[in-house]
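*Asks:* File run_14.cif below, mmCIF, C-alpha atoms and all ligand atoms:
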```cif
data_structure
#
loop_
_atom_site.label_atom_id
_atom_site.label_comp_id
_atom_site.auth_asym_id
_atom_site.auth_seq_id
_atom_site.Cartn_x
_atom_site.Cartn_y
_atom_site.Cartn_z
CA MET C 389 135.83 -179.65 -65.22
CA LYS C 390 134.35 -182.00 -62.65
CA ILE C 391 131.76 -184.55 -63.71
CA GLY C 392 129.62 -186.90 -61.66
CA VAL C 393 128.61 -190.35 -62.89
CA ILE C 394 125.64 -191.87 -61.06
CA GLY C 395 125.97 -195.67 -61.16
CA GLN C 396 129.35 -197.39 -61.41
CA GLY C 397 128.40 -200.54 -63.31
CA TYR C 398 129.09 -201.64 -66.87
CA VAL C 399 128.11 -198.30 -68.35
CA GLY C 400 129.03 -195.87 -65.57
CA LEU C 401 132.44 -197.28 -64.64
CA THR C 402 133.40 -197.71 -68.28
CA LEU C 403 132.51 -194.05 -68.89
CA SER C 404 134.30 -192.91 -65.72
CA ALA C 405 137.53 -194.71 -66.62
CA PHE C 406 137.33 -193.50 -70.21
CA THR C 407 136.78 -189.84 -69.35
CA ALA C 408 139.08 -189.46 -66.33
CA GLY C 409 141.84 -188.45 -68.74
CA HIS C 410 139.77 -185.38 -69.66
CA PHE C 411 137.83 -184.52 -66.51
CA GLU C 412 137.88 -184.99 -62.79
CA VAL C 413 135.36 -187.77 -62.23
CA VAL C 414 133.23 -188.48 -59.16
CA GLY C 415 131.74 -191.96 -59.47
CA PHE C 416 128.66 -192.19 -57.28
CA ASP C 417 127.21 -195.62 -56.53
CA SER C 418 124.64 -196.63 -53.92
CA ASN C 419 126.45 -199.93 -53.35
CA GLN C 420 129.10 -199.30 -50.66
CA LYS C 421 130.95 -202.54 -51.44
CA ILE C 422 131.46 -201.45 -55.06
CA VAL C 423 132.59 -198.00 -53.92
CA ASP C 424 135.13 -199.47 -51.48
CA GLN C 425 136.54 -201.82 -54.10
CA LEU C 426 136.81 -199.05 -56.69
CA ASN C 427 138.65 -196.77 -54.29
CA LEU C 428 141.15 -199.59 -53.72
CA GLY C 429 141.67 -199.59 -57.49
CA HIS C 430 139.81 -202.86 -58.08
CA SER C 431 137.62 -202.84 -61.17
CA HIS C 432 134.61 -205.17 -61.24
CA ILE C 433 133.90 -204.62 -64.93
CA GLU C 434 135.53 -206.39 -67.88
CA GLY C 435 137.14 -203.86 -70.15
CA VAL C 436 138.05 -201.50 -67.28
CA ALA C 437 141.57 -202.37 -66.17
CA SER C 438 142.26 -202.14 -62.44
CA ALA C 439 145.67 -200.64 -63.26
CA LEU C 440 144.01 -197.75 -65.12
CA LEU C 441 141.57 -197.18 -62.29
CA ALA C 442 144.42 -197.18 -59.76
CA LYS C 443 146.27 -194.64 -61.91
CA TRP C 444 143.26 -192.30 -61.98
CA ILE C 445 142.74 -192.63 -58.22
CA GLU C 446 146.37 -191.93 -57.46
CA SER C 447 146.41 -188.84 -59.67
CA GLY C 448 143.17 -187.56 -58.10
CA ARG C 449 141.24 -187.82 -61.40
CA PHE C 450 138.75 -190.37 -60.08
CA LYS C 451 137.07 -190.99 -56.78
CA ALA C 452 134.20 -193.35 -56.02
CA THR C 453 131.63 -192.36 -53.42
CA SER C 454 128.30 -193.31 -51.91
CA ASN C 455 127.89 -189.86 -50.45
CA GLY C 456 125.49 -187.82 -52.58
CA SER C 457 126.91 -184.48 -51.49
CA ASP C 458 130.18 -185.34 -53.28
CA ILE C 459 128.50 -184.49 -56.59
CA LYS C 460 127.49 -181.00 -55.44
CA ASP C 461 130.19 -179.10 -57.32
CA CYS C 462 130.04 -181.14 -60.55
CA GLU C 463 129.22 -179.27 -63.76
CA ILE C 464 127.86 -182.29 -65.60
CA VAL C 465 126.06 -185.23 -64.04
CA ILE C 466 125.54 -188.41 -66.04
CA ILE C 467 123.00 -191.05 -65.08
CA ALA C 468 123.93 -194.71 -65.73
CA VAL C 469 121.73 -196.80 -63.46
CA PRO C 470 119.80 -200.03 -64.16
CA THR C 471 116.47 -199.88 -65.96
CA PRO C 472 115.17 -203.43 -65.48
CA LEU C 473 111.68 -204.92 -65.61
CA THR C 474 109.36 -205.43 -62.67
CA GLU C 475 108.17 -208.93 -61.67
CA ASP C 476 105.25 -208.52 -64.07
CA ARG C 477 107.66 -207.43 -66.86
CA LYS C 478 106.85 -203.72 -66.88
CA PRO C 479 109.48 -200.91 -67.06
CA ASP C 480 110.98 -200.42 -63.61
CA LEU C 481 112.18 -196.83 -63.13
CA THR C 482 112.88 -197.09 -59.40
CA PHE C 483 116.69 -196.91 -59.84
CA LEU C 484 116.25 -193.94 -62.14
CA GLU C 485 114.02 -192.31 -59.56
CA SER C 486 116.60 -192.75 -56.79
CA ALA C 487 119.33 -191.36 -59.09
CA CYS C 488 117.10 -188.31 -59.68
CA LYS C 489 116.63 -188.00 -55.93
CA THR C 490 120.42 -187.93 -55.39
CA ILE C 491 120.76 -185.22 -58.05
CA GLY C 492 117.79 -183.20 -56.84
CA GLU C 493 118.79 -183.26 -53.18
CA ASN C 494 122.47 -182.49 -53.67
CA LEU C 495 122.89 -179.98 -56.48
CA LYS C 496 122.71 -176.37 -55.48
CA LYS C 497 123.63 -174.80 -58.82
CA PRO C 498 122.41 -175.51 -62.38
CA VAL C 499 124.24 -178.30 -64.23
CA LEU C 500 123.88 -180.36 -67.38
CA VAL C 501 122.17 -183.68 -66.59
CA ILE C 502 122.72 -186.37 -69.23
CA ASN C 503 120.89 -189.65 -69.10
CA GLU C 504 122.75 -192.66 -70.54
CA SER C 505 120.40 -195.28 -69.07
CA THR C 506 118.12 -196.98 -71.56
CA SER C 507 114.44 -196.16 -71.27
CA PHE C 508 111.34 -195.47 -73.30
CA PRO C 509 110.74 -192.24 -75.28
CA GLY C 510 109.61 -189.47 -72.98
CA THR C 511 111.66 -190.59 -69.97
CA LEU C 512 113.97 -187.57 -69.99
CA ARG C 513 111.22 -185.02 -70.51
CA ASN C 514 108.39 -186.53 -68.49
CA PHE C 515 110.19 -188.47 -65.76
CA ILE C 516 113.80 -187.41 -65.15
CA LYS C 517 113.32 -183.63 -65.30
CA PRO C 518 110.18 -183.46 -63.11
CA THR C 519 111.58 -186.01 -60.64
CA ILE C 520 114.81 -184.07 -60.14
CA GLU C 521 112.78 -180.88 -59.73
CA ARG C 522 110.52 -182.58 -57.20
CA TYR C 523 113.49 -183.55 -55.03
CA SER C 524 115.21 -180.15 -55.29
CA SER C 525 114.75 -177.73 -52.41
CA VAL C 526 115.88 -174.82 -54.61
CA ASN C 527 114.51 -173.84 -57.99
CA LEU C 528 117.33 -174.64 -60.45
CA GLU C 529 117.21 -174.44 -64.24
CA HIS C 530 119.24 -177.56 -65.04
CA LEU C 531 119.92 -178.47 -68.66
CA TYR C 532 118.79 -181.94 -69.69
CA ALA C 533 119.99 -184.26 -72.45
CA ILE C 534 119.96 -187.89 -73.44
CA SER C 535 122.82 -189.85 -74.96
CA PRO C 536 121.98 -193.54 -74.86
CA GLU C 537 124.96 -195.77 -74.20
CA ARG C 538 125.79 -198.34 -76.85
CA VAL C 539 128.73 -200.05 -75.13
CA ASP C 540 129.04 -203.80 -75.73
CA PRO C 541 130.98 -205.12 -72.72
CA GLY C 542 133.90 -207.34 -73.63
CA ARG C 543 134.04 -206.08 -77.21
CA LYS C 544 137.48 -204.98 -78.40
CA ASP C 545 136.81 -203.34 -81.80
CA PHE C 546 134.19 -200.78 -80.70
CA ASN C 547 134.49 -198.58 -77.64
CA GLN C 548 133.46 -195.18 -76.29
CA LYS C 549 135.73 -193.43 -78.77
CA ASN C 550 134.81 -195.02 -82.08
CA THR C 551 131.13 -195.87 -81.52
CA PRO C 552 129.01 -193.03 -82.96
CA ARG C 553 127.02 -191.40 -80.21
CA LEU C 554 123.43 -190.20 -80.51
CA TYR C 555 122.36 -187.24 -78.43
CA ALA C 556 119.64 -184.63 -78.05
CA GLY C 557 118.95 -181.98 -75.44
CA LEU C 558 115.65 -180.68 -74.17
CA ASN C 559 116.78 -177.31 -75.55
CA SER C 560 119.52 -176.10 -77.87
CA GLU C 561 121.84 -175.05 -75.03
CA ALA C 562 121.65 -178.56 -73.55
CA SER C 563 122.37 -180.06 -76.99
CA LYS C 564 125.40 -177.80 -77.49
CA LYS C 565 126.88 -178.53 -74.07
CA THR C 566 126.30 -182.24 -74.56
CA ARG C 567 128.10 -182.09 -77.89
CA ASP C 568 131.02 -180.20 -76.31
CA PHE C 569 131.27 -182.84 -73.59
CA TYR C 570 131.25 -185.96 -75.78
CA SER C 571 133.41 -184.42 -78.49
CA LYS C 572 136.30 -184.50 -76.00
CA PHE C 573 136.48 -188.30 -76.25
CA CYS C 574 134.10 -189.43 -79.02
CA ASP C 575 134.96 -189.45 -82.75
CA GLU C 576 131.45 -189.14 -84.13
CA LEU C 577 128.43 -187.41 -82.66
CA VAL C 578 124.97 -187.61 -84.17
CA GLU C 579 122.43 -185.05 -83.01
CA VAL C 580 118.78 -185.97 -83.44
CA SER C 581 115.81 -183.65 -83.33
CA SER C 582 114.46 -184.63 -79.91
CA PRO C 583 115.35 -186.72 -76.86
CA GLU C 584 112.43 -188.99 -77.76
CA VAL C 585 114.08 -189.92 -81.08
CA ALA C 586 117.35 -190.79 -79.32
CA GLU C 587 115.50 -192.83 -76.68
CA ALA C 588 113.46 -194.66 -79.33
CA ALA C 589 116.52 -195.30 -81.53
CA LYS C 590 118.30 -197.05 -78.66
CA LEU C 591 115.28 -199.26 -77.99
CA PHE C 592 114.84 -200.03 -81.67
CA GLU C 593 118.51 -201.03 -82.08
CA ASN C 594 118.10 -203.69 -79.43
CA THR C 595 114.64 -204.69 -80.64
CA PHE C 596 116.14 -205.25 -84.09
CA ARG C 597 118.59 -207.70 -82.54
CA GLN C 598 115.93 -209.35 -80.40
CA VAL C 599 113.58 -210.11 -83.31
CA ASN C 600 116.39 -211.29 -85.58
CA ILE C 601 117.70 -213.59 -82.87
CA ALA C 602 114.15 -214.92 -82.37
CA LEU C 603 113.82 -215.43 -86.12
CA VAL C 604 117.03 -217.41 -86.37
CA ASN C 605 116.09 -219.40 -83.27
CA GLU C 606 112.78 -220.31 -84.91
CA PHE C 607 114.61 -221.13 -88.12
CA ALA C 608 116.99 -223.46 -86.22
CA GLN C 609 113.94 -225.47 -85.18
CA ILE C 610 112.57 -225.48 -88.74
CA ALA C 611 115.96 -226.59 -90.15
CA HIS C 612 116.18 -229.43 -87.64
CA SER C 613 112.68 -230.62 -88.50
CA LEU C 614 113.70 -230.63 -92.19
CA GLY C 615 116.90 -232.54 -91.45
CA ILE C 616 119.20 -229.81 -92.75
CA SER C 617 122.02 -227.92 -91.03
CA VAL C 618 120.98 -224.50 -89.77
CA TYR C 619 124.60 -223.31 -89.83
CA GLU C 620 125.25 -224.41 -93.41
CA THR C 621 121.97 -222.81 -94.49
CA LEU C 622 122.84 -219.51 -92.76
CA ASP C 623 126.31 -219.51 -94.32
CA ALA C 624 124.70 -220.12 -97.70
CA ALA C 625 122.24 -217.23 -97.22
CA ASN C 626 125.07 -215.02 -96.03
CA THR C 627 126.81 -215.24 -99.42
CA LYS C 628 124.22 -212.72 -100.64
CA PRO C 629 126.11 -209.42 -100.59
CA TYR C 630 123.11 -207.25 -99.73
CA GLY C 631 119.77 -207.44 -97.90
CA PHE C 632 120.83 -210.16 -95.47
CA MET C 633 122.48 -210.00 -92.06
CA LYS C 634 123.57 -213.21 -90.38
CA PHE C 635 122.40 -213.93 -86.85
CA THR C 636 123.15 -217.28 -85.20
CA PRO C 637 120.90 -219.45 -83.04
CA SER C 638 121.42 -219.80 -79.31
CA ALA C 639 119.81 -220.92 -76.06
CA GLY C 640 118.13 -217.51 -75.85
CA VAL C 641 119.10 -213.95 -75.09
CA GLY C 642 120.59 -212.55 -71.89
CA GLY C 643 122.16 -209.49 -70.33
CA HIS C 644 120.60 -206.23 -69.28
CA CYS C 645 119.66 -205.12 -72.81
CA ILE C 646 118.19 -207.54 -75.38
CA PRO C 647 115.73 -209.35 -73.06
CA VAL C 648 114.67 -206.06 -71.45
CA ASP C 649 114.78 -203.07 -73.81
CA PRO C 650 112.26 -204.38 -76.39
CA THR C 651 109.74 -204.79 -73.56
CA TYR C 652 110.20 -201.08 -72.76
CA LEU C 653 109.31 -200.34 -76.39
CA ALA C 654 106.33 -202.71 -76.32
CA ALA C 655 105.07 -201.21 -73.06
CA VAL C 656 105.18 -197.62 -74.32
CA ALA C 657 103.67 -198.69 -77.67
CA GLU C 658 100.71 -200.36 -75.98
CA GLU C 659 100.26 -197.41 -73.66
CA HIS C 660 99.84 -195.29 -76.80
CA GLY C 661 97.42 -197.75 -78.38
CA ALA C 662 99.92 -199.23 -80.89
CA ALA C 663 100.39 -202.98 -81.24
CA ALA C 664 103.71 -204.61 -80.39
CA THR C 665 102.75 -208.17 -81.37
CA PHE C 666 105.98 -208.89 -83.18
CA ILE C 667 108.17 -207.72 -80.27
CA ARG C 668 106.12 -209.67 -77.73
CA ARG C 669 106.27 -212.86 -79.82
CA ALA C 670 110.02 -212.52 -80.41
CA ASN C 671 110.51 -212.36 -76.67
CA GLU C 672 108.49 -215.56 -76.22
CA VAL C 673 110.40 -217.42 -78.96
CA ASN C 674 113.72 -216.54 -77.30
CA LEU C 675 112.44 -217.59 -73.87
CA GLU C 676 111.09 -220.87 -75.31
CA MET C 677 114.51 -221.85 -76.75
CA SER C 678 115.69 -223.22 -73.40
CA GLU C 679 112.72 -225.61 -73.28
CA TYR C 680 113.31 -226.66 -76.91
CA ILE C 681 116.97 -227.43 -76.18
CA VAL C 682 116.14 -229.54 -73.14
CA ARG C 683 113.48 -231.35 -75.20
CA ARG C 684 116.08 -232.14 -77.89
CA VAL C 685 118.54 -233.42 -75.27
CA ALA C 686 115.81 -235.53 -73.65
CA GLU C 687 114.73 -236.96 -77.04
CA ASP C 688 118.29 -238.19 -77.57
CA HIS C 689 117.99 -240.02 -74.23
CA GLY C 690 114.73 -241.82 -74.84
CA GLY C 691 112.77 -238.91 -73.37
CA ASN C 692 114.17 -239.55 -69.90
CA LEU C 693 116.69 -237.37 -68.06
CA GLN C 694 115.77 -238.64 -64.59
CA GLY C 695 118.91 -238.97 -62.43
CA LYS C 696 121.29 -238.10 -65.27
CA SER C 697 124.17 -235.85 -64.30
CA VAL C 698 124.10 -232.86 -66.60
CA LEU C 699 126.86 -230.27 -66.76
CA VAL C 700 125.82 -226.91 -68.21
CA VAL C 701 128.93 -225.38 -69.75
CA GLY C 702 129.01 -221.56 -69.66
CA VAL C 703 126.40 -219.71 -67.61
CA ALA C 704 127.37 -216.11 -68.45
CA TYR C 705 124.93 -214.58 -70.89
CA LYS C 706 127.62 -214.23 -73.53
CA PRO C 707 131.24 -215.30 -74.09
CA ASN C 708 134.18 -213.83 -72.16
CA VAL C 709 132.18 -211.84 -69.59
CA ALA C 710 131.10 -212.74 -66.05
CA ASP C 711 127.66 -211.13 -66.47
CA VAL C 712 124.83 -213.55 -65.63
CA ARG C 713 121.92 -211.11 -65.78
CA GLU C 714 118.91 -212.68 -67.53
CA THR C 715 121.16 -215.50 -68.73
CA ALA C 716 119.47 -218.23 -70.78
CA ALA C 717 121.50 -220.76 -68.76
CA GLU C 718 119.14 -220.22 -65.83
CA LEU C 719 116.12 -221.37 -67.82
CA VAL C 720 118.06 -224.30 -69.32
CA ILE C 721 119.03 -225.41 -65.80
CA ASP C 722 115.43 -225.02 -64.54
CA HIS C 723 114.05 -227.13 -67.41
CA LEU C 724 116.73 -229.80 -66.92
CA ARG C 725 115.97 -229.98 -63.18
CA SER C 726 112.22 -230.18 -63.86
CA LYS C 727 112.98 -233.32 -65.89
CA GLY C 728 114.78 -234.88 -62.91
CA ALA C 729 118.35 -234.26 -64.11
CA VAL C 730 121.06 -233.62 -61.53
CA VAL C 731 122.51 -230.36 -62.80
CA SER C 732 125.82 -228.65 -62.11
CA TRP C 733 127.52 -225.98 -64.15
CA HIS C 734 131.01 -225.08 -65.28
CA ASP C 735 132.02 -221.46 -65.80
CA ASP C 736 135.33 -220.29 -64.37
CA VAL C 737 134.77 -216.78 -65.73
CA VAL C 738 131.65 -216.48 -63.55
CA GLY C 739 133.07 -218.56 -60.65
CA ASN C 740 130.18 -218.31 -58.17
CA TRP C 741 126.52 -217.87 -58.98
CA LYS C 742 123.31 -218.29 -56.96
CA GLY C 743 125.20 -219.84 -54.05
CA GLU C 744 126.86 -222.47 -56.27
CA SER C 745 130.41 -222.68 -57.58
CA SER C 746 131.75 -223.62 -60.98
CA ALA C 747 132.08 -227.45 -61.18
CA PRO C 748 135.00 -229.20 -62.90
CA LEU C 749 134.65 -229.70 -66.63
CA GLU C 750 134.51 -233.49 -66.47
CA GLY C 751 132.64 -236.60 -65.43
CA ALA C 752 129.04 -235.81 -66.50
CA ASP C 753 126.56 -238.04 -68.37
CA ILE C 754 125.53 -235.07 -70.50
CA ALA C 755 127.08 -231.67 -71.20
CA VAL C 756 125.00 -228.79 -72.58
CA VAL C 757 127.04 -225.86 -73.86
CA VAL C 758 125.15 -222.59 -73.39
CA THR C 759 128.08 -220.14 -73.59
CA LYS C 760 131.54 -220.88 -74.94
CA HIS C 761 134.22 -218.65 -73.43
CA ALA C 762 137.44 -218.36 -75.44
CA SER C 763 139.37 -219.70 -72.44
CA VAL C 764 137.46 -223.00 -72.41
CA ASP C 765 139.11 -225.74 -74.43
CA GLU C 766 136.89 -227.37 -77.04
CA LYS C 767 138.52 -230.78 -76.58
CA LYS C 768 137.94 -230.62 -72.82
CA ILE C 769 134.26 -229.89 -73.44
CA LEU C 770 133.99 -232.91 -75.74
CA ALA C 771 135.75 -235.07 -73.13
CA SER C 772 133.54 -233.85 -70.27
CA ALA C 773 130.65 -236.21 -71.10
CA PRO C 774 129.86 -239.01 -73.58
CA TYR C 775 127.05 -236.82 -74.97
CA VAL C 776 127.60 -233.11 -75.61
CA PHE C 777 124.85 -230.80 -76.92
CA ASP C 778 126.22 -227.48 -78.14
CA THR C 779 123.85 -224.50 -78.49
CA THR C 780 126.61 -222.16 -79.70
CA GLY C 781 127.73 -223.82 -82.94
CA LYS C 782 131.33 -223.50 -81.77
CA VAL C 783 132.09 -227.00 -80.50
CA LYS C 784 132.83 -229.13 -83.54
CA GLY C 785 131.89 -232.77 -83.20
CA ALA C 786 129.12 -232.16 -80.63
CA LYS C 787 125.41 -232.58 -81.22
CA GLY C 788 123.71 -229.23 -81.62
CA LEU C 789 121.05 -226.99 -83.01
N1 LIG A 801 125.47 -203.32 -69.80
C1 LIG A 801 125.36 -202.94 -71.05
O1 LIG A 801 125.91 -203.58 -71.93
C2 LIG A 801 124.57 -201.70 -71.44
C3 LIG A 801 124.77 -201.19 -72.71
C4 LIG A 801 124.07 -200.05 -73.09
C5 LIG A 801 123.17 -199.47 -72.20
N2 LIG A 801 122.98 -200.01 -70.97
C6 LIG A 801 122.03 -199.35 -70.08
O2 LIG A 801 122.77 -198.59 -69.13
C7 LIG A 801 122.11 -198.58 -67.87
C8 LIG A 801 123.05 -199.12 -66.80
O3 LIG A 801 123.33 -200.46 -67.09
P1 LIG A 801 124.60 -201.20 -66.50
O4 LIG A 801 124.77 -202.42 -67.32
O5 LIG A 801 125.73 -200.26 -66.36
O6 LIG A 801 124.06 -201.59 -65.05
P2 LIG A 801 124.92 -202.22 -63.84
O7 LIG A 801 123.97 -203.04 -63.07
O8 LIG A 801 126.17 -202.85 -64.37
O9 LIG A 801 125.37 -200.96 -63.01
C9 LIG A 801 124.50 -200.10 -62.41
C10 LIG A 801 125.14 -199.55 -61.14
O10 LIG A 801 124.25 -198.57 -60.64
C11 LIG A 801 124.23 -198.69 -59.23
N3 LIG A 801 123.00 -198.04 -58.79
C12 LIG A 801 121.74 -198.50 -58.80
N4 LIG A 801 120.89 -197.54 -58.37
C13 LIG A 801 121.66 -196.47 -58.09
C14 LIG A 801 121.38 -195.18 -57.60
N5 LIG A 801 120.15 -194.78 -57.37
N6 LIG A 801 122.40 -194.36 -57.40
C15 LIG A 801 123.66 -194.72 -57.66
N7 LIG A 801 124.00 -195.93 -58.12
C16 LIG A 801 123.00 -196.78 -58.33
C17 LIG A 801 124.34 -200.15 -58.95
O11 LIG A 801 124.84 -200.39 -57.66
C18 LIG A 801 125.32 -200.58 -60.06
O12 LIG A 801 126.66 -200.54 -59.61
C19 LIG A 801 120.84 -199.39 -68.08
O13 LIG A 801 119.80 -198.54 -68.41
C20 LIG A 801 121.18 -200.28 -69.26
O14 LIG A 801 120.04 -200.68 -69.98
C21 LIG A 801 123.68 -201.10 -70.56
#
```
Mind turning this structure into structure tokens?
Ligand SMILES: NC(=O)c1ccc[n+]([C@@H]2O[C@H](COP(=O)([O-])OP(=O)(O)OC[C@H]3O[C@@H](n4cnc5c(N)ncnc54)[C@H](O)[C@@H]3O)[C@@H](O)[C@H]2O)c1
*Replies:*
Amino acid sequence: MKIGVIGQGYVGLTLSAFTAGHFEVVGFDSNQKIVDQLNLGHSHIEGVASALLAKWIESGRFKATSNGSDIKDCEIVIIAVPTPLTEDRKPDLTFLESACKTIGENLKKPVLVINESTSFPGTLRNFIKPTIERYSSVNLEHLYAISPERVDPGRKDFNQKNTPRLYAGLNSEASKKTRDFYSKFCDELVEVSSPEVAEAAKLFENTFRQVNIALVNEFAQIAHSLGISVYETLDAANTKPYGFMKFTPSAGVGGHCIPVDPTYLAAVAEEHGAAATFIRRANEVNLEMSEYIVRRVAEDHGGNLQGKSVLVVGVAYKPNVADVRETAAELVIDHLRSKGAVVSWHDDVVGNWKGESSAPLEGADIAVVVTKHASVDEKKILASAPYVFDTTGKVKGAKGL
């Protein structure tokens, strides 16, 4: 069976590499540079080994393309494109729309279309299906299903095989075919009663994390004001064997999911006249953390950071990945610069970012650790500046939350 995967990023390439052992995979991406690199066997995603990709290419199991007509004889087409926010923080379905256009314009026989991109309830039924139909020149009865991706890039213990997968089709035939597809490589499949439930479950999973992170970030500020250790308090609370789940404070949330998905839920809630006060406030608390951290650093320097050289250590949004989307480091850097600090950053996993390169881990007046990659030596961080503020709780001996 031949499958097409629209979007070859974190989700799409991971899926392509994982399923090429079972199917012939056409990986469609609108970015020609990514397509060229993939066809040379170079993976741009952590967790997808270039050697594996090269093996699939050589054996004819995988091919990347930017030519829409290459998906024309696929039997299943999976959508894995970005679903970000617009400038005014509203759901932005433009990538999804262009993916639907590619499908609509190129398929000439009915297929199963599965959406793995995260979006609000109703997206499959009210947006994806009618958009594909609008772009189709022939009247085709495609089957439609949703199976939200839960991949956590960089994570070793959970992957496509052992992470239970939610799914639902727009009709029972779509559900059955979706189950047949994922059961080839997934241990546990969970069918829900409608695509809307699956879409909402995905958003709620990430909203759950967002509000708990916001709660612990607020608690870090409370603990500091009380003169007690937030980490010791959390460890103490975590001895309760039920009814508590430990989250740890940070400079904020990043990546394509936690800062974005809850806003999709809030937007659809408000559209339906339901309040999303808690979700909105959690988002603000997480965004405000960067300002709080810079305020704490400034307080330790008599309120004045003017002219101080500050090294931000770790700009990826989380450890051991090069992903800088929505990273809290950006806000920390902005706040430091607004206080007159001379800011550089060190992150050899990221390498280059916003036209700047990773600076050496040494010689600063102040170091602020935003993300601690496993490859970065704790002692070197402590030696990089006479004052080190750690937002991760992983650098022992540094000042911190
Ligand atoms: N990254 C994660 O950890 C994660 C986890 C679960 C779910 N998701 C969701 O999966 C979806 C994809 O996220 P991602 O992290 O893989 O994004 P990504 O930015 O890593 O990759 C998306 C890819 O799609 C390509 N693209 C954009 N528009 C396209 C189009 N019209 N046609 C073909 N290719 C197109 C881009 O060039 C890019 O290579 C999003 O909805 C996201 O919320 C992401």
*Asks:* By how many Å are CA of Cys488 in chain C and CA of Ala442 in chain C apart?
*Replies:*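 For CA of Cys488 in chain C relative to CA of Ala442 in chain C, the distance reads 28.7 Å.
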*Asks:* Quote the spacing between CA of Leu441 in chain C and CA of Thr759 in chain C in Å to one decimal place.
*Replies:*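 The value is 28.9 Å.
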*Asks:* Counting all atoms listed in the file, which residues in chain C sit no more than 6 Å from ligand LIG 801 (chain A)? For each one, give the nearest pair of atoms and the distance in Å, sorted by chain then residue number, as CSV.
*Replies:*
```
residue,atom,partner,partner_atom,distance
C:Ile394,CA,A:LIG801,C15,4.9
C:Gly395,CA,A:LIG801,O10,3.4
C:Gln396,CA,A:LIG801,O12,4.5
C:Gly397,CA,A:LIG801,O9,3.1
C:Tyr398,CA,A:LIG801,O5,3.7
C:Val399,CA,A:LIG801,O5,3.7
C:Gly400,CA,A:LIG801,O5,5.5
C:Phe416,CA,A:LIG801,C15,5.6
C:Asp417,CA,A:LIG801,N7,3.6
C:Ser418,CA,A:LIG801,N7,4.3
C:Asn419,CA,A:LIG801,O11,4.6
C:Ala468,CA,A:LIG801,C8,4.6
C:Val469,CA,A:LIG801,O10,4.2
C:Pro470,CA,A:LIG801,C19,4.1
C:Thr471,CA,A:LIG801,O13,4.3
C:Phe483,CA,A:LIG801,N4,4.5
C:Ser486,CA,A:LIG801,N5,4.1
C:Ala487,CA,A:LIG801,N5,3.9
C:Ser505,CA,A:LIG801,O13,3.4
C:Thr506,CA,A:LIG801,O13,3.9
C:Glu537,CA,A:LIG801,C4,4.5
C:Arg538,CA,A:LIG801,C4,4.5
C:Val539,CA,A:LIG801,C3,4.8
C:Asp540,CA,A:LIG801,O1,4.9
C:Pro541,CA,A:LIG801,O1,5.4
C:His644,CA,A:LIG801,O14,5.6
C:Cys645,CA,A:LIG801,O14,5.3
```
*Asks:* Could you jot down the CA of Trp733 in chain C to CA of Val700 in chain C separation for me, Å, one decimal place?
*Replies:*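 Pair CA of Trp733 in chain C / CA of Val700 in chain C returns 4.5 Å.
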*Asks:* For Glu672 in chain C, which residue out of C:Leu653, C:Ala602, C:Ile520, C:Ala608 is the nearest one, using all atoms listed in the file?
*Replies:*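 Among the listed residues, C:Ala602 lies closest to Glu672 in chain C.
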*Asks:* Could you check which residues have any atom within 12 Å of (116.5, -236.7, -65.4), counting only C-alpha atoms with coordinates taken straight from the file, and then list them as a PDB file with C-alpha atoms, in the frame of the given file?
*Replies:*
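Listed below is the output, selection_37.pdb:
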```pdb
ATOM      1  CA  VAL C 682     116.140-229.540 -73.140  1.00  0.00           C
ATOM      2  CA  ARG C 683     113.480-231.350 -75.200  1.00  0.00           C
ATOM      3  CA  VAL C 685     118.540-233.420 -75.270  1.00  0.00           C
ATOM      4  CA  ALA C 686     115.810-235.530 -73.650  1.00  0.00           C
ATOM      5  CA  GLU C 687     114.730-236.960 -77.040  1.00  0.00           C
ATOM      6  CA  HIS C 689     117.990-240.020 -74.230  1.00  0.00           C
ATOM      7  CA  GLY C 690     114.730-241.820 -74.840  1.00  0.00           C
ATOM      8  CA  GLY C 691     112.770-238.910 -73.370  1.00  0.00           C
ATOM      9  CA  ASN C 692     114.170-239.550 -69.900  1.00  0.00           C
ATOM     10  CA  LEU C 693     116.690-237.370 -68.060  1.00  0.00           C
ATOM     11  CA  GLN C 694     115.770-238.640 -64.590  1.00  0.00           C
ATOM     12  CA  GLY C 695     118.910-238.970 -62.430  1.00  0.00           C
ATOM     13  CA  LYS C 696     121.290-238.100 -65.270  1.00  0.00           C
ATOM     14  CA  SER C 697     124.170-235.850 -64.300  1.00  0.00           C
ATOM     15  CA  VAL C 698     124.100-232.860 -66.600  1.00  0.00           C
ATOM     16  CA  ILE C 721     119.030-225.410 -65.800  1.00  0.00           C
ATOM     17  CA  ASP C 722     115.430-225.020 -64.540  1.00  0.00           C
ATOM     18  CA  HIS C 723     114.050-227.130 -67.410  1.00  0.00           C
ATOM     19  CA  LEU C 724     116.730-229.800 -66.920  1.00  0.00           C
ATOM     20  CA  ARG C 725     115.970-229.980 -63.180  1.00  0.00           C
ATOM     21  CA  SER C 726     112.220-230.180 -63.860  1.00  0.00           C
ATOM     22  CA  LYS C 727     112.980-233.320 -65.890  1.00  0.00           C
ATOM     23  CA  GLY C 728     114.780-234.880 -62.910  1.00  0.00           C
ATOM     24  CA  ALA C 729     118.350-234.260 -64.110  1.00  0.00           C
ATOM     25  CA  VAL C 730     121.060-233.620 -61.530  1.00  0.00           C
ATOM     26  CA  VAL C 731     122.510-230.360 -62.800  1.00  0.00           C
ATOM     27  CA  ASP C 753     126.560-238.040 -68.370  1.00  0.00           C
ATOM     28  CA  ILE C 754     125.530-235.070 -70.500  1.00  0.00           C
TER      29      ILE C 754
END
```
